[in-house]
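**Student:** Submitted below is the structure of interest, expressed as structure tokens.
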Amino acid sequence: MPAPSLAAPARSRTARRAPAKGRRTLPLLAGLALALTPLTASAQTVLERALSSGELVMVGTTDGPPMMSVDAKNQPVGYGIEVGRRIDQELTAQFGGKVKLRFVPVANTGSMIEAVATGGAALACGVPFSWEREMVVDYTLPIGLSGLRLLTTNAGIDGSAASLAGRRIGVVKGSLGASAIGTLQPGAKVQSFESMDAAYTALSKSQADGLLGDSTVLAALSKTRQLGGARLLPKETYATYGMGCIVPQNNSDLLNLANLAIARMQTGYLEGKPADVAAVDPWLGPNGVLGLSTDQIRTFFQMNLLSLEPLLSAPPAAKPAP
């Protein structure tokens with residue numbers, strides 16, 4: 001994948017705050033070593049330090065639609081980016097534009113976890129949940145539900161664990177697929193790749209028999225890149241998990257702000273607000289990259305918000321006593 005473009009002109013803070021077609025932009029900047037300098041230890045929270053620097057760094061991959069990819073102008077797009085924009089809007093509401101969100105691309109999910117866990121970045125979205133990861137970062141409310149599946153063009157693979165024995169199975173470094181393949185089928189010939197793009201390229205060139213990874217990403221890649229004869233197996237995922245955003249541990253102020261942004265977005269979708277529907281449907285919806293039905297999306301959002309305080313403008317009026 002070509003390196004992200006650095007050609008976009010610098011903008012003033014006023015220009016950054018002005019919405020483009022109703023949505024804010026997240027500048028894409030290469031130079032990971034410069035952007036992900038670990039935060040020095042102090043009693044300050046991430047948000048308090050951000051007020052001094054003027055920015056929060058959000059990291060993510062750019063080869064994992066519908067969560068994150070790049071458009072024709074090499075700018076980051078996807079459902080995870082839309083969630084990041086909503087968090088950016090909450091930052092603006094909270095701090096009056098004194099803190100902006102800046103996006104920095106990384107190679108894989110493992111790099112996202114490491115950057116946030118070490119304090120080099122403040123936020124990443126679309127990260128599959130695991131209890132091991134929860135030990136080093138804090139997760140927000142889920143923004144989606146996914147699981148582990150296998151993308152293959154090999155007719156001899158039926159999705160069963162037994163059919164993976166002796167097969168060349170590609171995984172991305174630091175992914176849940178990489179940690180699960182040894183348990184799922186110890187006899188598989190594991191091929192480790194730095195990125196999903198590299199793994200998918202190997203599969204498309206028959207250099208791998210299958211690609212074990214996130215079902216949401218694999219389904220979107222199969223649809224958008226139209227690999228002939230590709231099948232996503234098995235019908236039921238090998239494992240199911242939620243996907244959310246992550247922040248450094250012990251930063252409840254940032255975590256609460258991110259949760260508020262996610263809850264507002266999901267509530268707005270359920271209420272049919274055009275801006276929220278437009279942020280979700282192109283990536284998850286029936287005519288979008290993933291192709292979920294509206295009922296599937298609504299059911300997930302409803303279940304996700306059941307235990308939360310409603311974000312309605314006002315409670316129903318009390319009935320007068322008889």
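We name chains A, B, ... following the order of the structure tokens; residues begin at 1 in each chain, and ligands are numbered from 1 as shown.
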Mind listing the alpha helix (DSSP H) residues of stretch 26-254 of chain A, per DSSP on the backbone, as a PyMOL selection string?
**Tutor:** chain A and resi 32-35+46-53+79-95+109-117+131-134+176-184+196-204+215-225+252-254
**Student:** Next, write the just-selected residues to a file, as a compact mmCIF listing (two decimals), in the first residue's frame, keeping C-alpha atoms as the atom set.
**Tutor:**
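Written output follows (again.txt):
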# COMPACT_ATOMS: atom_id res chain seq x y z
CA LEU A 32 5.19 7.19 13.09
CA ALA A 33 8.42 7.59 15.03
CA LEU A 34 7.80 11.31 15.40
CA ALA A 35 4.13 11.01 16.24
CA VAL A 46 -3.97 12.05 28.75
CA LEU A 47 -6.54 14.82 28.29
CA GLU A 48 -4.67 17.15 30.63
CA ARG A 49 -1.47 16.62 28.67
CA ALA A 50 -3.39 17.08 25.42
CA LEU A 51 -4.43 20.55 26.55
CA SER A 52 -0.75 21.44 26.69
CA SER A 53 0.17 19.91 23.31
CA TYR A 79 -16.46 3.16 10.42
CA GLY A 80 -13.61 3.40 12.94
CA ILE A 81 -12.69 6.79 11.50
CA GLU A 82 -16.31 7.94 11.82
CA VAL A 83 -16.29 6.95 15.49
CA GLY A 84 -13.02 8.86 15.87
CA ARG A 85 -14.66 11.94 14.33
CA ARG A 86 -17.46 11.74 16.89
CA ILE A 87 -14.91 11.59 19.70
CA ASP A 88 -13.21 14.59 18.08
CA GLN A 89 -16.55 16.44 18.19
CA GLU A 90 -16.87 15.69 21.91
CA LEU A 91 -13.34 17.03 22.41
CA THR A 92 -14.37 20.25 20.68
CA ALA A 93 -17.51 20.53 22.81
CA GLN A 94 -15.51 19.89 25.97
CA PHE A 95 -12.49 22.08 25.28
CA THR A 109 -3.55 -4.31 15.44
CA GLY A 110 -0.59 -5.32 17.58
CA SER A 111 1.05 -1.98 16.82
CA MET A 112 -2.19 -0.19 17.75
CA ILE A 113 -2.28 -1.94 21.12
CA GLU A 114 1.38 -1.21 21.81
CA ALA A 115 1.10 2.46 20.88
CA VAL A 116 -1.88 3.04 23.19
CA ALA A 117 -0.59 0.84 26.02
CA TRP A 131 -8.96 -10.22 28.18
CA GLU A 132 -5.20 -10.16 27.58
CA ARG A 133 -5.50 -6.79 25.86
CA GLU A 134 -7.81 -5.51 28.60
CA LEU A 176 -6.23 -12.59 17.60
CA GLY A 177 -5.86 -14.95 14.63
CA ALA A 178 -2.13 -15.18 15.30
CA SER A 179 -2.73 -16.10 18.94
CA ALA A 180 -5.54 -18.57 18.15
CA ILE A 181 -4.14 -20.63 15.27
CA GLY A 182 -1.88 -22.74 17.48
CA THR A 183 -4.83 -23.87 19.58
CA LEU A 184 -7.25 -24.16 16.68
CA MET A 196 -3.59 -7.48 6.49
CA ASP A 197 -2.75 -6.10 3.06
CA ALA A 198 0.37 -8.27 2.83
CA ALA A 199 -1.55 -11.34 4.03
CA TYR A 200 -4.38 -10.78 1.55
CA THR A 201 -1.90 -10.32 -1.29
CA ALA A 202 -0.31 -13.68 -0.45
CA LEU A 203 -3.73 -15.34 -0.50
CA SER A 204 -4.63 -13.76 -3.84
CA SER A 215 -14.58 -11.84 10.18
CA THR A 216 -15.72 -8.25 9.61
CA VAL A 217 -12.51 -7.25 7.86
CA LEU A 218 -12.24 -10.47 5.84
CA ALA A 219 -15.85 -10.16 4.64
CA ALA A 220 -15.27 -6.56 3.57
CA LEU A 221 -12.00 -7.39 1.81
CA SER A 222 -13.61 -10.30 -0.03
CA LYS A 223 -16.43 -8.04 -1.20
CA THR A 224 -14.37 -4.98 -2.16
CA ARG A 225 -11.43 -6.76 -3.80
CA SER A 252 -11.37 7.76 32.97
CA ASP A 253 -11.89 11.31 31.67
CA LEU A 254 -10.95 10.31 28.12
**Student:** Just want the 6 Å neighbourhood of stretch 235-251 of chain A, counted on only C-alpha atoms, with same-chain residues fewer than 5 positions away dropped. Output as number ranges by chain.
**Tutor:** A: 45, 116-117, 122-129, 137-140, 142-149
**Student:** Leaving out stretch 282-284 of chain A and any residue of its chain fewer than 4 positions from it, which residues lie within 10 Å of it when counting only C-alpha atoms, given as a PyMOL selection string?
**Tutor:** chain A and resi 65-68+77-80+82+144+216+220+277-278+288-294+296-297
**Student:** When you look at A:Ala263 with a cut-off of 9 Å (counting only C-alpha atoms), what residues show up, excluding the ones that are within fewer than 5 positions of it in the same chain? I need them as a PyMOL selection string.
**Tutor:** chain A and resi 141+258+268+301+304-305+308+311
**Student:** Write the selection just made, keeping N, CA and C atoms, as a tab-separated table (two decimals), in the first residue's frame?
**Tutor:**
chain	number	residue	atom	x	y	z
A	141	LEU	N	-17.22	1.35	25.19
A	141	LEU	CA	-18.39	0.58	24.75
A	141	LEU	C	-18.09	-0.08	23.42
A	258	ALA	N	-15.12	9.34	25.30
A	258	ALA	CA	-15.27	8.45	24.15
A	258	ALA	C	-16.57	7.65	24.23
A	268	GLY	N	-28.38	8.11	18.10
A	268	GLY	CA	-28.82	8.87	16.93
A	268	GLY	C	-29.20	7.97	15.77
A	301	PHE	N	-27.06	-2.15	18.41
A	301	PHE	CA	-27.02	-0.87	19.11
A	301	PHE	C	-27.99	-0.85	20.29
A	304	ASN	N	-26.57	-2.89	23.07
A	304	ASN	CA	-25.39	-2.23	23.59
A	304	ASN	C	-25.76	-1.10	24.56
A	305	LEU	N	-26.88	-0.44	24.28
A	305	LEU	CA	-27.27	0.73	25.06
A	305	LEU	C	-28.25	0.42	26.19
A	308	LEU	N	-27.40	1.59	29.68
A	308	LEU	CA	-26.96	2.97	29.82
A	308	LEU	C	-28.13	3.90	30.07
A	311	LEU	N	-30.19	8.80	26.29
A	311	LEU	CA	-29.71	10.11	25.88
A	311	LEU	C	-30.83	10.92	25.25
**Student:** Closest to A:Pro105 among A:Pro76, A:Gly229, A:Pro234, A:Gly60, using only C-alpha atoms?
**Tutor:**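 For A:Pro105, the nearest of the given residues is A:Gly60.
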**Student:** My list of candidates is A:Ile157, A:Ser130, A:Val136, A:Val172. Which is closest to A:Thr61 when distances are computed with only C-alpha atoms?
**Tutor:**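 Comparing A:Ile157, A:Ser130, A:Val136, A:Val172 against A:Thr61, the winner is A:Val172.
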**Student:** Going by DSSP on the backbone, which residues of stretch 76-136 of chain A come out as strand (DSSP E or B)? List them as a PDB file with N, CA and C atoms, in the first residue's frame.
**Tutor:**
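Output contents, as saved in states.pdb:
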ATOM      1  N   PRO A  76      -7.727   8.657   5.338  1.00  0.00           N
ATOM      2  CA  PRO A  76      -8.346   7.570   6.101  1.00  0.00           C
ATOM      3  C   PRO A  76      -9.863   7.654   6.088  1.00  0.00           C
ATOM      4  N   VAL A  77     -10.509   6.524   5.842  1.00  0.00           N
ATOM      5  CA  VAL A  77     -11.964   6.442   5.845  1.00  0.00           C
ATOM      6  C   VAL A  77     -12.369   5.140   6.528  1.00  0.00           C
ATOM      7  N   LYS A 100      -7.226  18.874  19.296  1.00  0.00           N
ATOM      8  CA  LYS A 100      -7.661  18.257  18.048  1.00  0.00           C
ATOM      9  C   LYS A 100      -7.166  16.815  17.997  1.00  0.00           C
ATOM     10  N   LEU A 101      -7.820  16.018  17.183  1.00  0.00           N
ATOM     11  CA  LEU A 101      -7.454  14.622  17.017  1.00  0.00           C
ATOM     12  C   LEU A 101      -6.643  14.466  15.742  1.00  0.00           C
ATOM     13  N   ARG A 102      -5.511  13.789  15.824  1.00  0.00           N
ATOM     14  CA  ARG A 102      -4.657  13.575  14.661  1.00  0.00           C
ATOM     15  C   ARG A 102      -4.489  12.072  14.428  1.00  0.00           C
ATOM     16  N   PHE A 103      -4.682  11.636  13.203  1.00  0.00           N
ATOM     17  CA  PHE A 103      -4.606  10.216  12.867  1.00  0.00           C
ATOM     18  C   PHE A 103      -3.224   9.857  12.349  1.00  0.00           C
ATOM     19  N   VAL A 104      -2.687   8.737  12.855  1.00  0.00           N
ATOM     20  CA  VAL A 104      -1.388   8.224  12.427  1.00  0.00           C
ATOM     21  C   VAL A 104      -1.542   6.751  12.063  1.00  0.00           C
ATOM     22  N   PRO A 105      -1.157   6.339  10.856  1.00  0.00           N
ATOM     23  CA  PRO A 105      -1.299   4.942  10.452  1.00  0.00           C
ATOM     24  C   PRO A 105      -0.222   4.055  11.066  1.00  0.00           C
ATOM     25  N   LEU A 123      -5.613   6.946  21.437  1.00  0.00           N
ATOM     26  CA  LEU A 123      -6.867   6.348  20.995  1.00  0.00           C
ATOM     27  C   LEU A 123      -6.637   5.453  19.785  1.00  0.00           C
ATOM     28  N   ALA A 124      -7.402   4.360  19.727  1.00  0.00           N
ATOM     29  CA  ALA A 124      -7.508   3.520  18.535  1.00  0.00           C
ATOM     30  C   ALA A 124      -8.918   2.962  18.526  1.00  0.00           C
ATOM     31  N   CYS A 125      -9.519   2.811  17.353  1.00  0.00           N
ATOM     32  CA  CYS A 125     -10.896   2.331  17.242  1.00  0.00           C
ATOM     33  C   CYS A 125     -10.977   1.126  16.312  1.00  0.00           C
ATOM     34  N   GLY A 126     -11.964   0.262  16.589  1.00  0.00           N
ATOM     35  CA  GLY A 126     -12.121  -0.960  15.809  1.00  0.00           C
ATOM     36  C   GLY A 126     -11.186  -2.056  16.263  1.00  0.00           C
ATOM     37  N   VAL A 127     -10.891  -2.106  17.560  1.00  0.00           N
ATOM     38  CA  VAL A 127      -9.939  -3.076  18.101  1.00  0.00           C
ATOM     39  C   VAL A 127     -10.690  -4.266  18.693  1.00  0.00           C
ATOM     40  N   PRO A 128     -10.438  -5.492  18.207  1.00  0.00           N
ATOM     41  CA  PRO A 128     -11.083  -6.671  18.788  1.00  0.00           C
ATOM     42  C   PRO A 128     -10.736  -6.828  20.266  1.00  0.00           C
TER      43      PRO A 128
END
**Student:** So how many Å separate atom CA of A:Gly170 and atom CA of A:Gly210, to one decimal?
**Tutor:**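 Atom CA of A:Gly210 lies 6.1 Å from atom CA of A:Gly170.
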**Student:** Between A:Met135, A:Asp214, A:Asn108, A:Thr267, which is the closest to A:Ser192 once you count only C-alpha atoms?
**Tutor:**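 That would be A:Asn108, the residue with the smallest distance to A:Ser192.
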**Student:** Nearest to A:Lys205: which of A:Thr153, A:Ser160, A:Ala165, A:Phe193 is it, counting only C-alpha atoms?
**Tutor:**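 Among the listed residues, A:Thr153 lies closest to A:Lys205.
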**Student:** Could you tell me how far atom CA of A:Arg264 lies from atom CA of A:Val99, in Å and to one decimal?
**Tutor:**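 Answer for the atom CA of A:Arg264 to atom CA of A:Val99 separation: 20.0 Å.
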**Student:** To one decimal place in Å, what is the distance between atom CA of A:Ala162 and atom CA of A:Leu232?
**Tutor:** 16.3 Å
